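Undergrad: The following file, query.cif, comprises mmCIF, N, CA and C atoms:
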```
data_model
loop_
_atom_site.label_atom_id
_atom_site.label_comp_id
_atom_site.auth_asym_id
_atom_site.auth_seq_id
_atom_site.Cartn_x
_atom_site.Cartn_y
_atom_site.Cartn_z
N MET S 1 4.90 -70.63 97.21
CA MET S 1 4.79 -70.07 98.56
C MET S 1 3.89 -70.92 99.45
N LEU S 2 2.78 -71.41 98.93
CA LEU S 2 1.82 -72.15 99.76
C LEU S 2 2.09 -73.65 99.81
N ALA S 3 2.85 -74.16 98.86
CA ALA S 3 3.06 -75.60 98.75
C ALA S 3 3.57 -76.24 100.05
N PRO S 4 4.51 -75.64 100.77
CA PRO S 4 4.97 -76.31 101.99
C PRO S 4 3.89 -76.43 103.07
N TYR S 5 2.91 -75.58 103.01
CA TYR S 5 1.89 -75.55 104.06
C TYR S 5 0.60 -76.26 103.66
N PHE S 6 0.43 -76.45 102.37
CA PHE S 6 -0.76 -77.13 101.85
C PHE S 6 -0.30 -78.24 100.89
N PRO S 7 0.18 -79.35 101.44
CA PRO S 7 0.69 -80.42 100.57
C PRO S 7 -0.45 -81.05 99.77
N PRO S 8 -0.12 -81.69 98.63
CA PRO S 8 -1.15 -82.30 97.78
C PRO S 8 -1.97 -83.37 98.49
N THR S 9 -1.43 -83.95 99.55
CA THR S 9 -2.17 -84.97 100.29
C THR S 9 -3.25 -84.37 101.20
N GLU S 10 -3.21 -83.05 101.38
CA GLU S 10 -4.18 -82.38 102.24
C GLU S 10 -4.88 -81.25 101.49
N THR S 11 -5.46 -81.58 100.38
CA THR S 11 -6.10 -80.55 99.54
C THR S 11 -7.28 -79.88 100.24
N LEU S 12 -7.97 -80.62 101.10
CA LEU S 12 -9.14 -80.05 101.78
C LEU S 12 -8.74 -78.85 102.64
N LYS S 13 -7.55 -78.91 103.25
CA LYS S 13 -7.08 -77.77 104.04
C LYS S 13 -7.03 -76.51 103.18
N PHE S 14 -6.46 -76.63 101.98
CA PHE S 14 -6.35 -75.46 101.11
C PHE S 14 -7.73 -75.00 100.65
N ILE S 15 -8.58 -75.94 100.28
CA ILE S 15 -9.92 -75.58 99.78
C ILE S 15 -10.68 -74.80 100.84
N ILE S 16 -10.63 -75.27 102.08
CA ILE S 16 -11.35 -74.59 103.17
C ILE S 16 -10.79 -73.19 103.42
N ALA S 17 -9.46 -73.11 103.55
CA ALA S 17 -8.83 -71.80 103.81
C ALA S 17 -9.06 -70.85 102.64
N HIS S 18 -8.95 -71.35 101.41
CA HIS S 18 -9.15 -70.52 100.22
C HIS S 18 -10.58 -70.00 100.16
N LYS S 19 -11.53 -70.86 100.48
CA LYS S 19 -12.94 -70.46 100.42
C LYS S 19 -13.23 -69.28 101.35
N VAL S 20 -12.62 -69.29 102.52
CA VAL S 20 -12.92 -68.25 103.52
C VAL S 20 -12.03 -67.02 103.33
N PHE S 21 -10.72 -67.23 103.13
CA PHE S 21 -9.78 -66.11 103.11
C PHE S 21 -9.31 -65.70 101.72
N GLY S 22 -9.34 -66.62 100.79
CA GLY S 22 -8.79 -66.35 99.45
C GLY S 22 -7.28 -66.58 99.44
N ALA S 23 -6.78 -67.10 98.32
CA ALA S 23 -5.35 -67.43 98.22
C ALA S 23 -4.48 -66.19 98.39
N GLY S 24 -4.89 -65.08 97.80
CA GLY S 24 -4.10 -63.86 97.89
C GLY S 24 -3.92 -63.38 99.32
N ASN S 25 -4.98 -63.44 100.11
CA ASN S 25 -4.89 -63.02 101.51
C ASN S 25 -4.04 -63.98 102.34
N ILE S 26 -4.11 -65.26 102.00
CA ILE S 26 -3.27 -66.23 102.72
C ILE S 26 -1.81 -65.95 102.44
N VAL S 27 -1.49 -65.75 101.15
CA VAL S 27 -0.09 -65.45 100.78
C VAL S 27 0.38 -64.17 101.46
N LYS S 28 -0.45 -63.13 101.40
CA LYS S 28 -0.09 -61.85 102.00
C LYS S 28 0.17 -61.99 103.50
N SER S 29 -0.71 -62.72 104.19
CA SER S 29 -0.54 -62.93 105.63
C SER S 29 0.74 -63.68 105.94
N LEU S 30 1.04 -64.70 105.15
CA LEU S 30 2.24 -65.50 105.40
C LEU S 30 3.51 -64.70 105.12
N GLN S 31 3.46 -63.84 104.12
CA GLN S 31 4.64 -63.04 103.78
C GLN S 31 5.00 -62.07 104.90
N GLU S 32 4.02 -61.67 105.68
CA GLU S 32 4.26 -60.72 106.77
C GLU S 32 4.86 -61.39 108.01
N LEU S 33 4.93 -62.72 108.00
CA LEU S 33 5.42 -63.45 109.16
C LEU S 33 6.80 -64.04 108.91
N PRO S 34 7.57 -64.22 109.99
CA PRO S 34 8.82 -64.96 109.83
C PRO S 34 8.50 -66.41 109.42
N GLU S 35 9.38 -67.02 108.69
CA GLU S 35 9.13 -68.37 108.20
C GLU S 35 8.85 -69.35 109.33
N SER S 36 9.46 -69.15 110.48
CA SER S 36 9.28 -70.06 111.61
C SER S 36 7.85 -70.05 112.16
N MET S 37 7.09 -69.02 111.85
CA MET S 37 5.72 -68.92 112.37
C MET S 37 4.66 -69.27 111.34
N ARG S 38 5.05 -69.50 110.13
CA ARG S 38 4.07 -69.68 109.05
C ARG S 38 3.25 -70.96 109.18
N ALA S 39 3.86 -72.05 109.58
CA ALA S 39 3.10 -73.31 109.71
C ALA S 39 2.00 -73.16 110.76
N ASP S 40 2.32 -72.52 111.88
CA ASP S 40 1.31 -72.29 112.91
C ASP S 40 0.22 -71.35 112.41
N ALA S 41 0.62 -70.35 111.63
CA ALA S 41 -0.37 -69.42 111.08
C ALA S 41 -1.33 -70.14 110.14
N VAL S 42 -0.80 -71.03 109.32
CA VAL S 42 -1.66 -71.79 108.40
C VAL S 42 -2.62 -72.66 109.20
N SER S 43 -2.13 -73.31 110.24
CA SER S 43 -3.02 -74.13 111.09
C SER S 43 -4.13 -73.28 111.69
N SER S 44 -3.77 -72.09 112.13
CA SER S 44 -4.78 -71.18 112.70
C SER S 44 -5.79 -70.73 111.65
N MET S 45 -5.30 -70.42 110.46
CA MET S 45 -6.22 -70.01 109.39
C MET S 45 -7.18 -71.13 109.02
N VAL S 46 -6.68 -72.34 108.94
CA VAL S 46 -7.54 -73.47 108.60
C VAL S 46 -8.57 -73.68 109.70
N TYR S 47 -8.14 -73.58 110.96
CA TYR S 47 -9.07 -73.73 112.08
C TYR S 47 -10.15 -72.65 112.03
N GLU S 48 -9.72 -71.40 111.83
CA GLU S 48 -10.68 -70.29 111.76
C GLU S 48 -11.61 -70.46 110.57
N ALA S 49 -11.07 -70.92 109.44
CA ALA S 49 -11.90 -71.12 108.25
C ALA S 49 -12.97 -72.17 108.52
N LYS S 50 -12.60 -73.27 109.17
CA LYS S 50 -13.58 -74.31 109.51
C LYS S 50 -14.64 -73.74 110.44
N ALA S 51 -14.22 -72.94 111.41
CA ALA S 51 -15.17 -72.34 112.35
C ALA S 51 -16.09 -71.36 111.63
N ARG S 52 -15.55 -70.61 110.66
CA ARG S 52 -16.38 -69.66 109.89
C ARG S 52 -17.39 -70.37 109.02
N ILE S 53 -17.01 -71.54 108.51
CA ILE S 53 -17.96 -72.31 107.70
C ILE S 53 -19.10 -72.82 108.58
N ARG S 54 -18.75 -73.30 109.79
CA ARG S 54 -19.79 -73.78 110.73
C ARG S 54 -20.65 -72.63 111.24
N ASP S 55 -20.01 -71.50 111.54
CA ASP S 55 -20.70 -70.35 112.12
C ASP S 55 -20.20 -69.08 111.44
N PRO S 56 -20.85 -68.69 110.33
CA PRO S 56 -20.35 -67.56 109.54
C PRO S 56 -20.31 -66.22 110.28
N VAL S 57 -21.11 -66.06 111.30
CA VAL S 57 -21.16 -64.79 112.02
C VAL S 57 -20.06 -64.70 113.06
N TYR S 58 -19.94 -65.70 113.91
CA TYR S 58 -19.02 -65.62 115.05
C TYR S 58 -17.72 -66.41 114.88
N GLY S 59 -17.70 -67.41 114.03
CA GLY S 59 -16.49 -68.19 113.81
C GLY S 59 -15.95 -68.78 115.10
N CYS S 60 -14.65 -68.63 115.32
CA CYS S 60 -14.00 -69.17 116.53
C CYS S 60 -14.57 -68.53 117.79
N ALA S 61 -14.92 -67.28 117.72
CA ALA S 61 -15.45 -66.59 118.91
C ALA S 61 -16.73 -67.26 119.39
N GLY S 62 -17.55 -67.73 118.47
CA GLY S 62 -18.77 -68.44 118.85
C GLY S 62 -18.46 -69.73 119.58
N ALA S 63 -17.47 -70.46 119.07
CA ALA S 63 -17.07 -71.71 119.72
C ALA S 63 -16.49 -71.42 121.10
N ILE S 64 -15.68 -70.39 121.20
CA ILE S 64 -15.08 -70.03 122.50
C ILE S 64 -16.17 -69.63 123.49
N ASN S 65 -17.12 -68.81 123.05
CA ASN S 65 -18.21 -68.39 123.94
C ASN S 65 -19.02 -69.59 124.41
N GLN S 66 -19.29 -70.52 123.52
CA GLN S 66 -20.05 -71.72 123.88
C GLN S 66 -19.29 -72.54 124.92
N LEU S 67 -18.00 -72.71 124.71
CA LEU S 67 -17.18 -73.47 125.66
C LEU S 67 -17.09 -72.76 127.02
N GLN S 68 -16.99 -71.44 127.00
CA GLN S 68 -16.96 -70.69 128.26
C GLN S 68 -18.28 -70.83 129.02
N LYS S 69 -19.39 -70.82 128.29
CA LYS S 69 -20.70 -71.01 128.92
C LYS S 69 -20.79 -72.40 129.55
N GLU S 70 -20.35 -73.42 128.80
CA GLU S 70 -20.36 -74.77 129.34
C GLU S 70 -19.49 -74.87 130.58
N LEU S 71 -18.34 -74.21 130.56
CA LEU S 71 -17.44 -74.22 131.72
C LEU S 71 -18.11 -73.57 132.92
N ARG S 72 -18.75 -72.42 132.72
CA ARG S 72 -19.45 -71.75 133.84
C ARG S 72 -20.56 -72.64 134.39
N ASP S 73 -21.32 -73.27 133.49
CA ASP S 73 -22.41 -74.16 133.93
C ASP S 73 -21.86 -75.33 134.75
N LEU S 74 -20.76 -75.91 134.28
CA LEU S 74 -20.16 -77.04 135.00
C LEU S 74 -19.57 -76.61 136.33
N GLN S 75 -18.99 -75.40 136.38
CA GLN S 75 -18.46 -74.89 137.65
C GLN S 75 -19.59 -74.67 138.65
N THR S 76 -20.71 -74.17 138.18
CA THR S 76 -21.88 -73.96 139.05
C THR S 76 -22.39 -75.30 139.56
N GLU S 77 -22.47 -76.27 138.66
CA GLU S 77 -22.93 -77.61 139.05
C GLU S 77 -21.96 -78.24 140.06
N LEU S 78 -20.67 -78.07 139.84
CA LEU S 78 -19.67 -78.60 140.76
C LEU S 78 -19.80 -77.96 142.15
N ALA S 79 -19.98 -76.65 142.18
CA ALA S 79 -20.13 -75.96 143.46
C ALA S 79 -21.36 -76.45 144.21
N ALA S 80 -22.46 -76.65 143.50
CA ALA S 80 -23.68 -77.15 144.14
C ALA S 80 -23.47 -78.57 144.66
N THR S 81 -22.80 -79.40 143.90
CA THR S 81 -22.52 -80.77 144.33
C THR S 81 -21.60 -80.79 145.54
N GLN S 82 -20.60 -79.92 145.54
CA GLN S 82 -19.70 -79.84 146.69
C GLN S 82 -20.45 -79.38 147.94
N ALA S 83 -21.39 -78.44 147.78
CA ALA S 83 -22.19 -77.98 148.92
C ALA S 83 -23.07 -79.11 149.44
N ASP S 84 -23.68 -79.87 148.52
CA ASP S 84 -24.50 -81.02 148.92
C ASP S 84 -23.65 -82.04 149.68
N LEU S 85 -22.46 -82.29 149.18
CA LEU S 85 -21.55 -83.24 149.82
C LEU S 85 -21.17 -82.77 151.22
N ALA S 86 -20.90 -81.49 151.38
CA ALA S 86 -20.55 -80.95 152.69
C ALA S 86 -21.71 -81.13 153.67
N ILE S 87 -22.93 -80.91 153.21
CA ILE S 87 -24.11 -81.08 154.07
C ILE S 87 -24.25 -82.54 154.49
N ILE S 88 -24.08 -83.44 153.54
CA ILE S 88 -24.19 -84.87 153.84
C ILE S 88 -23.10 -85.30 154.82
N GLN S 89 -21.89 -84.81 154.62
CA GLN S 89 -20.80 -85.15 155.54
C GLN S 89 -21.08 -84.61 156.94
N CYS S 90 -21.62 -83.43 157.02
CA CYS S 90 -21.95 -82.83 158.32
C CYS S 90 -23.05 -83.65 159.00
N GLN S 91 -24.07 -84.03 158.25
CA GLN S 91 -25.14 -84.85 158.81
C GLN S 91 -24.61 -86.21 159.27
N GLN S 92 -23.73 -86.79 158.49
CA GLN S 92 -23.13 -88.07 158.86
C GLN S 92 -22.31 -87.93 160.14
N GLN S 93 -21.57 -86.84 160.26
CA GLN S 93 -20.77 -86.62 161.46
C GLN S 93 -21.67 -86.44 162.68
N GLN S 94 -22.76 -85.70 162.52
CA GLN S 94 -23.70 -85.51 163.63
C GLN S 94 -24.33 -86.84 164.04
N LEU S 95 -24.64 -87.66 163.07
CA LEU S 95 -25.20 -88.97 163.35
C LEU S 95 -24.19 -89.84 164.10
N ASN S 96 -22.94 -89.82 163.65
CA ASN S 96 -21.89 -90.58 164.32
C ASN S 96 -21.68 -90.08 165.75
N ASP S 97 -21.68 -88.75 165.92
CA ASP S 97 -21.49 -88.17 167.25
C ASP S 97 -22.62 -88.56 168.20
N SER S 98 -23.84 -88.57 167.72
CA SER S 98 -24.98 -88.89 168.58
C SER S 98 -24.99 -90.36 168.95
N MET S 99 -24.43 -91.20 168.13
CA MET S 99 -24.38 -92.63 168.43
C MET S 99 -23.16 -92.99 169.28
N SER S 100 -22.15 -92.17 169.27
CA SER S 100 -20.91 -92.48 169.98
C SER S 100 -20.98 -92.14 171.46
N PHE S 101 -21.71 -91.11 171.81
CA PHE S 101 -21.75 -90.63 173.18
C PHE S 101 -23.14 -90.83 173.77
N PRO S 102 -23.21 -91.39 174.95
CA PRO S 102 -24.54 -91.52 175.59
C PRO S 102 -25.09 -90.14 175.93
N ASP S 103 -26.37 -90.08 176.05
CA ASP S 103 -27.04 -88.83 176.38
C ASP S 103 -26.91 -88.60 177.89
N HIS S 104 -26.13 -87.59 178.29
CA HIS S 104 -25.90 -87.29 179.70
C HIS S 104 -26.79 -86.16 180.21
N SER S 105 -27.75 -85.77 179.44
CA SER S 105 -28.58 -84.63 179.84
C SER S 105 -29.47 -84.97 181.04
N ASN S 106 -29.76 -86.22 181.28
CA ASN S 106 -30.64 -86.61 182.39
C ASN S 106 -29.86 -87.04 183.63
N LEU S 107 -28.54 -86.99 183.60
CA LEU S 107 -27.76 -87.47 184.74
C LEU S 107 -28.04 -86.68 186.02
N GLY S 108 -28.25 -85.39 185.88
CA GLY S 108 -28.53 -84.57 187.06
C GLY S 108 -29.76 -85.05 187.79
N SER S 109 -30.84 -85.30 187.10
CA SER S 109 -32.07 -85.76 187.75
C SER S 109 -31.93 -87.19 188.24
N LEU S 110 -31.11 -88.01 187.56
CA LEU S 110 -30.89 -89.37 187.99
C LEU S 110 -30.15 -89.39 189.33
N TRP S 111 -29.09 -88.59 189.47
CA TRP S 111 -28.32 -88.53 190.72
C TRP S 111 -29.11 -87.83 191.81
N GLU S 112 -29.96 -86.94 191.43
CA GLU S 112 -30.75 -86.19 192.41
C GLU S 112 -31.62 -87.12 193.24
N SER S 113 -32.13 -88.17 192.62
CA SER S 113 -32.97 -89.10 193.37
C SER S 113 -32.18 -89.84 194.44
N TYR S 114 -30.86 -90.04 194.22
CA TYR S 114 -30.03 -90.71 195.21
C TYR S 114 -29.67 -89.79 196.37
N TRP S 115 -29.60 -88.51 196.15
CA TRP S 115 -29.20 -87.58 197.20
C TRP S 115 -30.37 -87.16 198.06
N ASN S 116 -31.53 -87.32 197.57
CA ASN S 116 -32.70 -86.88 198.35
C ASN S 116 -33.27 -87.96 199.18
#
```
Let's see the structure in the file written out as structure tokens.

TA:
Amino acid sequence: MLAPYFPPTETLKFIIAHKVFGAGNIVKSLQELPESMRADAVSSMVYEAKARIRDPVYGCAGAINQLQKELRDLQTELAATQADLAIIQCQQQQLNDSMSFPDHSNLGSLWESYWN
């Protein structure tokens, strides 16, 4: 039953899955699935077994939580960087605008001297 999913060239896969789930539970789980889904199920069991060995308490959930935290941190950092970029672009635009147009605020007093 297990031979197609745990070939002799990949003994470590079986050792890891067996250590965490036991051969009987692996067989039982596979028997409950259609044959077309068994290879994916074995891959999932091996992945979960490796995660359980690394983190016996949380397994895959621990890895997922860690990745979600990293994603949130990176999204926060990206948002802050985008805000900084927007501020810099706005400052650059204001600088360009002030250099492009002469200051006409004194024109009234300049012309006033000619009319008086």

Undergrad: Ranking S:Lys28, S:Arg72, S:Ile16, S:Met37 by minimum distance to Ala49 in chain S and counting only C-alpha atoms, which one comes first?

TA: S:Ile16

Undergrad: With a cut-off of 8 Å, could you pull out the residues of range 29-80 of chain S touching range 84-99 of chain S and give me the nearest pair of atoms for each, distance in Å to one decimal, using only N, CA and C atoms, ordered by chain and ascending number, as JSON lines?

TA:
```
{"residue": "S:Leu78", "atom": "C", "partner": "S:Asp84", "partner_atom": "N", "distance": 7.7}
{"residue": "S:Ala79", "atom": "C", "partner": "S:Asp84", "partner_atom": "N", "distance": 6.0}
{"residue": "S:Ala80", "atom": "C", "partner": "S:Asp84", "partner_atom": "N", "distance": 4.1}
```

Undergrad: Write down as a PyMOL selection string the residues belonging to chain S that are assigned alpha helix (DSSP H) by DSSP computed on the backbone.

TA: chain S and resi 11-21+23-31+35-54+60-100+107-115

Undergrad: Quick check on the file I pasted: which residues fall under the PyMOL selection byres (((chain S and resi 50 and name CA) around 9) and name CA)? Write them as number ranges by chain.

TA: S: 16-17, 20, 45-49, 51-55, 59-60

Undergrad: Kindly give the distance, in Å, that separates CA of Gln31 in chain S and CA of Pro4 in chain S, rounded to a single decimal.

TA: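 These two atoms are separated by 13.4 Å.
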
Undergrad: Just so the selection is clear, what residues does the PyMOL selection byres (((chain S and resi 14 and name CA) around 12) and name CA) cover here, as a PyMOL selection string?

TA: chain S and resi 2-13+15-23+26-27+42-43+45-47+49-50

Undergrad: To one decimal place in Å, what is the distance between atom C of Thr76 in chain S and CA of Val57 in chain S?

TA: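 One can read the atom C of Thr76 in chain S to CA of Val57 in chain S distance as 29.5 Å.
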
Undergrad: Could you work out how far atom N of Pro56 in chain S lies from atom C of Ala41 in chain S, giving the answer in Å with one decimal?

TA: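 Atom-to-atom, atom C of Ala41 in chain S and atom N of Pro56 in chain S are spaced 19.6 Å apart.
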
Undergrad: Take every atom of range 9-24 of chain S listed in the file, pad by 8 Å on each side, and give me the axis-aligned box centre and edge lengths in Å, one decimal, as lines of an AutoDock Vina configuration file.

TA:
```
center_x = -7.3
center_y = -74.2
center_z = 100.9
size_x = 27.8
size_y = 37.6
size_z = 22.2
```

Undergrad: As a short mmCIF file (atom, residue, chain, number, x, y, z; two decimals), in the frame of the given file, please: range 36-47 of chain S completed to all heavy atoms.

TA:
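Written out: part.cif:
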```cif
data_model
loop_
_atom_site.label_atom_id
_atom_site.label_comp_id
_atom_site.auth_asym_id
_atom_site.auth_seq_id
_atom_site.Cartn_x
_atom_site.Cartn_y
_atom_site.Cartn_z
N SER S 36 9.46 -69.15 110.48
CA SER S 36 9.28 -70.06 111.61
C SER S 36 7.85 -70.05 112.16
O SER S 36 7.45 -70.99 112.86
CB SER S 36 10.26 -69.72 112.73
OG SER S 36 10.00 -68.41 113.22
N MET S 37 7.09 -69.02 111.85
CA MET S 37 5.72 -68.92 112.37
C MET S 37 4.66 -69.27 111.34
O MET S 37 3.48 -69.35 111.67
CB MET S 37 5.48 -67.49 112.88
CG MET S 37 6.38 -67.09 114.04
SD MET S 37 6.11 -65.39 114.56
CE MET S 37 4.52 -65.52 115.34
N ARG S 38 5.05 -69.50 110.13
CA ARG S 38 4.07 -69.68 109.05
C ARG S 38 3.25 -70.96 109.18
O ARG S 38 2.04 -70.94 108.91
CB ARG S 38 4.77 -69.61 107.70
CG ARG S 38 5.28 -68.21 107.40
CD ARG S 38 6.02 -68.14 106.09
NE ARG S 38 6.56 -66.79 105.90
CZ ARG S 38 7.34 -66.44 104.92
NH1 ARG S 38 7.73 -67.34 104.00
NH2 ARG S 38 7.77 -65.19 104.82
N ALA S 39 3.86 -72.05 109.58
CA ALA S 39 3.10 -73.31 109.71
C ALA S 39 2.00 -73.16 110.76
O ALA S 39 0.86 -73.61 110.54
CB ALA S 39 4.04 -74.46 110.06
N ASP S 40 2.32 -72.52 111.88
CA ASP S 40 1.31 -72.29 112.91
C ASP S 40 0.22 -71.35 112.41
O ASP S 40 -0.97 -71.54 112.72
CB ASP S 40 1.94 -71.72 114.18
CG ASP S 40 2.77 -72.76 114.93
OD1 ASP S 40 2.53 -73.97 114.76
OD2 ASP S 40 3.65 -72.34 115.71
N ALA S 41 0.62 -70.35 111.63
CA ALA S 41 -0.37 -69.42 111.08
C ALA S 41 -1.33 -70.14 110.14
O ALA S 41 -2.54 -69.88 110.17
CB ALA S 41 0.34 -68.27 110.36
N VAL S 42 -0.80 -71.03 109.32
CA VAL S 42 -1.66 -71.79 108.40
C VAL S 42 -2.62 -72.66 109.20
O VAL S 42 -3.82 -72.71 108.88
CB VAL S 42 -0.81 -72.64 107.42
CG1 VAL S 42 -1.68 -73.65 106.69
CG2 VAL S 42 -0.11 -71.73 106.42
N SER S 43 -2.13 -73.31 110.24
CA SER S 43 -3.02 -74.13 111.09
C SER S 43 -4.13 -73.28 111.69
O SER S 43 -5.29 -73.69 111.73
CB SER S 43 -2.22 -74.79 112.21
OG SER S 43 -1.32 -75.72 111.69
N SER S 44 -3.77 -72.09 112.13
CA SER S 44 -4.78 -71.18 112.70
C SER S 44 -5.79 -70.73 111.65
O SER S 44 -6.99 -70.66 111.93
CB SER S 44 -4.10 -69.95 113.31
OG SER S 44 -3.31 -70.33 114.41
N MET S 45 -5.30 -70.42 110.46
CA MET S 45 -6.22 -70.01 109.39
C MET S 45 -7.18 -71.13 109.02
O MET S 45 -8.38 -70.87 108.81
CB MET S 45 -5.43 -69.57 108.15
CG MET S 45 -4.83 -68.19 108.27
SD MET S 45 -4.11 -67.67 106.70
CE MET S 45 -2.38 -67.75 107.11
N VAL S 46 -6.68 -72.34 108.94
CA VAL S 46 -7.54 -73.47 108.60
C VAL S 46 -8.57 -73.68 109.70
O VAL S 46 -9.76 -73.90 109.43
CB VAL S 46 -6.71 -74.76 108.35
CG1 VAL S 46 -7.60 -75.98 108.22
CG2 VAL S 46 -5.84 -74.59 107.10
N TYR S 47 -8.14 -73.58 110.96
CA TYR S 47 -9.07 -73.73 112.08
C TYR S 47 -10.15 -72.65 112.03
O TYR S 47 -11.33 -72.92 112.18
CB TYR S 47 -8.31 -73.68 113.41
CG TYR S 47 -9.19 -73.92 114.60
CD1 TYR S 47 -9.49 -75.21 115.02
CD2 TYR S 47 -9.75 -72.85 115.31
CE1 TYR S 47 -10.31 -75.44 116.11
CE2 TYR S 47 -10.58 -73.07 116.40
CZ TYR S 47 -10.85 -74.37 116.80
OH TYR S 47 -11.68 -74.58 117.86
#
```
